[in-house]
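Pasting query10.txt here (compact mmCIF, C-alpha atoms):
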# COMPACT_ATOMS: atom_id res chain seq x y z
CA MET A 1 84.26 34.53 -145.07
CA THR A 2 82.14 31.58 -144.05
CA TRP A 3 82.10 29.55 -140.86
CA TYR A 4 82.24 25.79 -141.22
CA LEU A 5 81.71 22.83 -138.94
CA GLY A 6 84.26 20.14 -139.69
CA ILE A 7 84.51 16.51 -138.67
CA THR A 8 87.91 15.46 -137.37
CA THR A 9 89.58 12.30 -136.26
CA THR A 10 89.59 11.68 -132.52
CA ARG A 11 92.78 9.63 -132.47
CA HIS A 12 96.15 11.18 -131.68
CA ILE A 13 98.01 12.53 -134.72
CA ALA A 14 100.98 14.83 -135.33
CA PRO A 15 99.84 18.23 -136.69
CA SER A 16 103.07 18.49 -138.66
CA PRO A 17 105.97 16.15 -139.43
CA GLY A 18 108.16 15.69 -136.36
CA ALA A 19 105.66 17.33 -133.98
CA ASP A 20 104.34 15.61 -130.87
CA LYS A 21 101.07 13.76 -131.35
CA GLU A 22 97.94 15.31 -129.92
CA ARG A 23 94.23 14.64 -130.06
CA GLY A 24 92.84 14.98 -133.61
CA GLU A 25 90.62 18.02 -132.98
CA PHE A 26 93.52 19.95 -131.48
CA ALA A 27 95.95 18.88 -134.24
CA VAL A 28 93.53 20.06 -136.95
CA GLU A 29 93.00 23.34 -135.07
CA ARG A 30 96.79 23.86 -134.96
CA GLN A 31 97.12 23.14 -138.71
CA LEU A 32 94.32 25.57 -139.62
CA ARG A 33 95.79 28.29 -137.42
CA ALA A 34 99.18 27.74 -139.08
CA LEU A 35 97.41 28.61 -142.35
CA GLY A 36 96.29 31.90 -140.77
CA LEU A 37 92.66 30.83 -140.32
CA GLU A 38 90.46 31.22 -137.28
CA ALA A 39 89.76 27.74 -135.93
CA VAL A 40 88.30 26.59 -132.63
CA ALA A 41 88.23 23.09 -131.18
CA PRO A 42 86.49 23.80 -127.85
CA ARG A 43 88.30 22.36 -124.83
CA ARG A 44 86.84 21.31 -121.49
CA ILE A 45 88.92 21.39 -118.33
CA GLU A 46 87.57 19.00 -115.70
CA PHE A 47 88.99 18.06 -112.34
CA LYS A 48 89.26 14.29 -111.92
CA ARG A 49 90.93 12.03 -109.43
CA GLN A 50 92.63 9.30 -111.38
CA GLY A 51 93.93 6.02 -110.04
CA LYS A 52 95.08 6.09 -106.43
CA LYS A 53 95.76 9.84 -106.31
CA ARG A 54 94.13 11.61 -103.39
CA TYR A 55 93.71 14.88 -105.25
CA ALA A 56 91.70 15.71 -108.33
CA GLU A 57 93.85 17.07 -111.13
CA PRO A 58 92.92 19.11 -114.21
CA VAL A 59 92.23 17.03 -117.32
CA THR A 60 91.74 18.70 -120.70
CA SER A 61 89.45 17.02 -123.21
CA ALA A 62 87.49 17.96 -126.31
CA TYR A 63 84.14 19.61 -125.56
CA LEU A 64 82.77 18.35 -128.87
CA PRO A 65 84.75 15.18 -129.69
CA GLY A 66 85.35 14.89 -133.41
CA TYR A 67 84.28 18.45 -134.36
CA ILE A 68 85.90 21.80 -135.06
CA PHE A 69 84.63 25.26 -136.05
CA ALA A 70 86.63 27.25 -138.60
CA GLU A 71 86.20 30.51 -140.50
CA ILE A 72 87.57 29.82 -143.99
CA PRO A 73 87.62 32.23 -146.96
CA ALA A 74 86.80 30.77 -150.37
CA ALA A 75 90.39 31.28 -151.56
CA MET A 76 91.76 29.10 -148.74
CA PHE A 77 89.10 26.38 -148.78
CA THR A 78 91.04 23.88 -150.93
CA LYS A 79 94.16 24.27 -148.82
CA ALA A 80 92.16 24.00 -145.56
CA ILE A 81 90.47 20.70 -146.43
CA GLN A 82 93.88 19.13 -147.04
CA CYS A 83 94.68 19.31 -143.32
CA ARG A 84 95.60 15.93 -141.87
CA GLY A 85 92.78 14.54 -139.72
CA LEU A 86 90.03 16.74 -141.19
CA SER A 87 87.21 15.27 -143.28
CA PRO A 88 87.08 17.09 -146.65
CA SER A 89 83.29 17.54 -146.43
CA LEU A 90 82.64 20.58 -144.25
CA MET A 91 79.21 21.91 -143.31
CA ALA A 92 78.68 25.63 -143.84
CA VAL A 93 77.12 27.40 -140.87
CA SER A 94 74.86 30.36 -141.66
CA PRO A 95 75.78 33.77 -140.19
CA GLN A 96 72.51 33.74 -138.20
CA GLU A 97 73.40 30.38 -136.62
CA VAL A 98 76.91 31.62 -135.86
CA ARG A 99 75.47 34.67 -134.04
CA ARG A 100 72.67 32.81 -132.26
CA HIS A 101 74.34 29.55 -131.31
CA VAL A 102 78.04 29.16 -132.14
CA GLN A 103 79.40 32.40 -130.67
CA PRO A 104 77.38 32.13 -127.40
CA PHE A 105 78.52 28.51 -127.04
CA LEU A 106 82.17 29.43 -127.61
CA SER A 107 81.84 32.30 -125.10
CA LYS A 108 80.38 29.93 -122.50
CA VAL A 109 83.24 27.47 -123.04
CA GLU A 110 85.77 30.30 -122.71
CA GLN A 111 84.21 31.45 -119.41
CA GLU A 112 84.22 27.89 -118.01
CA ASN A 113 87.87 27.47 -118.96
CA ALA A 114 88.81 30.85 -117.47
CA GLU A 115 87.23 29.77 -114.16
CA ALA A 116 89.02 26.41 -114.30
CA GLN A 117 92.31 28.17 -115.04
CA ARG A 118 91.73 30.51 -112.08
CA ILE A 119 91.28 27.46 -109.84
CA ILE A 120 94.44 25.86 -111.27
CA ASP A 121 96.48 29.04 -110.81
CA SER A 122 95.31 29.51 -107.21
CA ARG A 123 96.00 25.80 -106.47
CA ASP A 124 92.64 25.63 -104.67
CA ARG A 125 92.42 21.88 -103.93
CA ALA A 126 88.91 22.17 -102.49
CA ALA A 127 87.59 23.80 -105.66
CA MET A 128 89.27 21.07 -107.74
CA CYS A 129 87.09 18.44 -106.12
CA GLN A 130 85.43 16.21 -108.68
CA PHE A 131 82.12 16.10 -106.77
CA GLU A 132 79.41 18.74 -106.62
CA PRO A 133 77.60 19.44 -103.31
CA GLY A 134 74.71 16.99 -102.95
CA ALA A 135 76.26 14.40 -105.30
CA ALA A 136 75.53 10.78 -104.37
CA LEU A 137 78.57 8.76 -103.28
CA GLU A 138 79.11 5.07 -102.73
CA VAL A 139 81.47 4.29 -99.86
CA LEU A 140 83.80 1.46 -100.94
CA ALA A 141 85.85 0.86 -97.79
CA GLY A 142 86.22 1.86 -94.17
CA PRO A 143 83.69 1.96 -91.34
CA PHE A 144 80.93 3.32 -93.60
CA MET A 145 81.42 0.69 -96.32
CA ASP A 146 78.37 -0.14 -98.49
CA ARG A 147 76.54 2.97 -97.37
CA ALA A 148 75.25 5.73 -99.58
CA ALA A 149 76.27 9.27 -98.71
CA ASN A 150 75.79 12.75 -100.15
CA PHE A 151 78.87 14.89 -100.74
CA VAL A 152 78.98 18.12 -98.72
CA ARG A 153 82.53 19.48 -99.13
CA MET A 154 86.25 18.80 -98.89
CA VAL A 155 87.80 19.46 -95.47
CA GLN A 156 91.30 19.26 -94.05
CA ALA A 157 92.08 19.58 -90.36
CA ALA A 158 95.56 20.46 -89.11
CA HIS A 159 96.19 16.85 -88.08
CA ASP A 160 95.08 15.36 -91.42
CA LEU A 161 97.75 14.35 -93.92
CA HIS A 162 95.39 14.98 -96.84
CA PRO A 163 91.92 16.46 -97.46
CA MET A 164 88.93 14.34 -96.45
CA ILE A 165 85.43 14.22 -97.86
CA GLU A 166 82.70 15.50 -95.58
CA ALA A 167 79.43 13.79 -96.45
CA GLU A 168 75.99 13.22 -95.01
CA ALA A 169 74.90 9.64 -94.46
CA GLU A 170 71.77 8.06 -93.02
CA MET A 171 72.48 6.21 -89.74
CA PHE A 172 70.08 5.10 -87.04
CA GLY A 173 67.23 6.95 -88.72
CA ARG A 174 68.92 10.33 -88.95
CA SER A 175 71.32 12.20 -91.18
CA VAL A 176 74.85 12.55 -89.76
CA LYS A 177 78.03 14.11 -91.09
CA VAL A 178 80.90 11.72 -91.73
CA ARG A 179 84.50 12.15 -92.90
CA ILE A 180 85.76 9.71 -95.52
CA ASP A 181 89.07 9.23 -97.28
CA PRO A 182 88.71 10.30 -100.97
CA LEU A 183 90.18 6.94 -102.04
CA ASP A 184 87.29 5.12 -100.35
CA VAL A 185 84.44 6.62 -102.38
CA LYS A 186 83.16 6.75 -105.92
CA GLY A 187 80.42 8.82 -107.47
CA VAL A 188 77.11 7.19 -108.28
CA ALA A 189 75.84 8.00 -111.76

For the file at hand, write its structure as structure tokens.
Amino acid sequence: MTWYLGITTTRHIAPSPGADKERGEFAVERQLRALGLEAVAPRRIEFKRQGKKRYAEPVTSAYLPGYIFAEIPAAMFTKAIQCRGLSPSLMAVSPQEVRRHVQPFLSKVEQENAEAQRIIDSRDRAAMCQFEPGAALEVLAGPFMDRAANFVRMVQAAHDLHPMIEAEAEMFGRSVKVRIDPLDVKGVA
């Protein structure tokens, strides 16, 4: 059997008639698996705060938008390229490349997703934070408005209704720790 790299659509499609629509990579993966083939559309689970929500929530997206890996035997190739959302021109990946690059990459993705799933299962709100320690933040409102700060961690005191961001900001020539509402900051790219 040979491994292939396939190009997929990124729009939402139904993997089969009457099924719910899903992102193209995932729909093609589902179709190939229904044929009994090994197919992987790597997923990334990130924690993002969307809109006016105070907490970051898990968001699943494609790790490689528009691409899928599949192991397809020669006898099934014609049937496989007929999958909806998959480009019929697939690129064969040599066994050496699969061993050296594809399998380690897929293992890394699996480990990242296992860690993200552990955080989701434990409902650890602090670990779901969308900022990494040391990340630059722009304060949008409140007493520290228009100041730059560096994210330290998420904290929640007994009297707080929701977790607050603890950050370091420069004031009066020295670095001080400040607590900011998560809705009042955004990350600086």

Original post:
So what do you get for CA of His101 in chain A versus CA of Gly36 in chain A, distance-wise?
Top reply: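 Distance between the two atoms: 24.0 Å.
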
Do you know which residues are at most 8 Å from Val28 in chain A counting only C-alpha atoms, after dropping those on the same chain fewer than 6 positions away, and could you put them as a PDB file with C-alpha atoms, keeping the file's coordinate frame?
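Writing done, so here's selection_12.pdb:
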ATOM      1  CA  THR A   8      87.910  15.460-137.370  1.00  0.00           C
ATOM      2  CA  PRO A  15      99.840  18.230-136.690  1.00  0.00           C
ATOM      3  CA  CYS A  83      94.680  19.310-143.320  1.00  0.00           C
ATOM      4  CA  ARG A  84      95.600  15.930-141.870  1.00  0.00           C
ATOM      5  CA  GLY A  85      92.780  14.540-139.720  1.00  0.00           C
ATOM      6  CA  LEU A  86      90.030  16.740-141.190  1.00  0.00           C
TER       7      LEU A  86
END

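Shortest atom-to-atom contact with Leu106 in chain A among A:Met154, A:Ala41, A:Ala92, A:Ala75: A:Ala41, counting only C-alpha atoms.
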
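Counting only C-alpha atoms, the residue from A:Ser16, A:Glu112, A:Lys21, A:Gly6 that sits nearest to Ile45 in chain A is A:Glu112.
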
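What separates CA of Glu71 in chain A from CA of Thr2 in chain A is a distance of 5.5 Å.
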
Subject >> Coordinates-based distance that separates CA of Glu168 in chain A from CA of Ala149 in chain A (Å, one decimal) >> reply: 5.4 Å

Subject >> Nearest-residue call for Gln31 in chain A, choices A:Met91, A:Gly134, A:Ala80, A:Pro58, using only C-alpha atoms >> reply: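 When distances to Gln31 in chain A are compared using only C-alpha atoms, the smallest one comes from A:Ala80.
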
Using only the atoms of range 88-94 of chain A listed in the file, plus 6 Å on each side, state the axis-aligned box centre and edge lengths in Å rounded to one decimal, as lines of an AutoDock Vina configuration file.
center_x = 81.0
center_y = 23.7
center_z = -143.8
size_x = 24.2
size_y = 25.3
size_z = 17.8

**OP:** Find the spatial neighbours of Ser107 in chain A, counting all atoms listed in the file, within a cut-off of 12 Å - ignore same-chain residues fewer than 6 positions away - and output them as a list in words.
**Re:** Val40, Pro42, Arg43, Val98, Arg99, Arg100, His101, Asn113 and Ala114 of chain A

Subject >> Using all atoms listed in the file: which of A:Ala135, A:Ile13, A:Lys177, A:Ser89 has the shortest distance to Arg30 in chain A >> reply: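 Going through A:Ala135, A:Ile13, A:Lys177, A:Ser89 one by one, the smallest distance to Arg30 in chain A is for A:Ile13.
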
Subject >> Nearest candidate to Glu29 in chain A (options A:Phe144, A:Phe69, A:Phe172, A:Phe105; using all atoms listed in the file) >> reply: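 Closest to Glu29 in chain A, using all atoms listed in the file: A:Phe69.
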
Subject >> Among listed residues A:Ala167, A:Val109, A:Arg118, A:Ala148, nearest Pro133 in chain A (using all atoms listed in the file) >> reply: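 Of A:Ala167, A:Val109, A:Arg118, A:Ala148, the one nearest Pro133 in chain A is A:Ala167, counting all atoms listed in the file.
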
**OP:** Might you pull out every residue within 9 Å of Ile165 in chain A, with only C-alpha atoms counted and same-chain residues fewer than 6 positions away left off, and present them as a PyMOL selection string?
**Re:** chain A and resi 151-156+178-182+185
